[in-house]
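Data first, discussion second: the structure below is written as structure tokens.
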Amino acid sequence: MSFISVNKLWKEYGDQVVLENLNLEVEQGEFCTLVGASGCGKSTFLKMLLGQESQSRGELLLEGETFPAEPDRNRGIVFQRYSVFPHLTVRQNVLMGLELEQKPVLGKLFGSARSEALKKVDDMLELVGLGPSANKWPHELSGGMQQRLAIAQSLIMRPRVLLLDEPFGALDPGIRKDMHELLLQLWREIGITIFMVTHDLHEGFYLGTRLLVFDKLRNDPHAPNAFGATITYDLPIGQTDERLLRDIDQSVTNTARYQAA
Ligand SMILES: Nc1ncnc2c1ncn2[C@@H]1O[C@H](COP(=O)(O)OP(=O)(O)O)[C@@H](O)[C@H]1O
Ligand SMILES: [Mg+2]
């Protein structure tokens with residue numbers, strides 16, 4: 001039994017088929033990078049993995065069980081745009097998840113429970129390189145530091161699956177490189193399973209152990225909504241040649257198939 005199984009999964013919005021017949025088996029600790037033209041349904045797939053969207057048909061299994069239909073601590077997500085709370089300090093932002101989990105009503109921890117939680121928070125901030133910024137406000141942080149904070153916020157809940165939706169898309173190249181090293185370090189240390197959407201094929205190749213390409217197998221220009229995207233390539237990284245790369249590059253940049261005529 002795989003860690004995650006996707007069986008004949010479909011997603012439709014009204015009469016628009018977004019994803020059709022996805023099939024995928026993922027083992028624990030894999031780092032899947034997802035590429036595909038804008039609008040082909042990558043974020044929709046992540047939202048289904050998160051439990052924020054439900055499928056129209058098919059199965060999504062975590063260790064053989066139906067995925068929890070609501071987001072829960074099994075899964076954490078980081079978006080391209082910062083998802084941190086502006087009115088909380090860096091430390092409070094990371095602490096909040098633990099507080100809400102342990103004290104859903106008051107959202108506050110006291111005494112030894114609070115000191116234990118704070119210790120975890122500070123260890124996590126060290127891990128992502130935000131130790132010295134624990135008392136800062138989000139607006140005092142650079143874009144890269146805000147994304148470190150968003151990652152810390154997710155990881156503090158010890159999710160088994162980390163979902164990343166173009167998390168570094170808004171960052172400058174130099175900062176992005178630092179974030180790559182951080183992410184690889186976290187992935188190796190924690191052994192977490194990652195799904196990461198990127199529009200940068202090279203980033204996908206550099207970070208992942210497996211590349212998933214989303215594209216349409218069938219397309220009718222007169223009925224752009226009739227067919228959805230599926231996984232057209234599922235490649236173990238390290239075993240690809242130049243020609244294949246060019247093919248994939250084409251399908252990633254071909255947005256025409258995802259726009260109404
Ligand atoms: N909540 C929604 N309701 C209706 N259509 C949606 C919704 N979310 C996404 N879509 C449509 O699904 C398609 C895929 O969107 P998305 O998953 O965001 O693509 P990607 O992340 O690959 O750019 C788009 O045509 C988008 O307009
Ligand atoms: Mg998207």
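Just so we're on the same page: first chain in the structure tokens is A, next is B, and so on; residues restart at 1 for each chain, and ligands are numbered from 1 in the order they show up.
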
Test item: residues at most 12 Å from Arg188 (chain A), only C-alpha atoms, excluding those fewer than 2 positions along its chain, as a PyMOL selection string
chain A and resi 29-31+181-186+190-194+207-209

May I have the residues within 7 Å of ligand 1, computed using only C-alpha atoms and all ligand atoms, as an MDAnalysis selection string?
chainID A and resid 13 18 36:45 258

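The closest residue to Phe214 (chain A), picked from A:Asp172, A:Glu101, A:Glu20, A:Glu126 and counting only C-alpha atoms, is A:Glu20.
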
I'd like the neighbourhood of Leu34 (chain A) as a ChimeraX atom specification, where a residue qualifies if any of its atoms comes within 6 Å (using only C-alpha atoms), though same-chain residues fewer than 3 positions away should be ignored.
/A:196-197,212-213

Cut-off 8 Å: closest region 96-169 of chain A/region 70-76 of chain A atom pairs per residue, using only C-alpha atoms, as a Markdown table:
```
| residue | atom | partner | partner_atom | distance |
| --- | --- | --- | --- | --- |
| A:Ser154 | CA | A:Gly76 | CA | 5.0 |
| A:Leu155 | CA | A:Gly76 | CA | 7.0 |
| A:Met157 | CA | A:Arg73 | CA | 6.1 |
| A:Arg158 | CA | A:Arg73 | CA | 7.2 |
| A:Pro159 | CA | A:Asn74 | CA | 4.5 |
| A:Arg160 | CA | A:Asn74 | CA | 5.1 |
| A:Val161 | CA | A:Arg75 | CA | 4.8 |
| A:Leu162 | CA | A:Gly76 | CA | 5.0 |
| A:Leu163 | CA | A:Gly76 | CA | 6.0 |
```
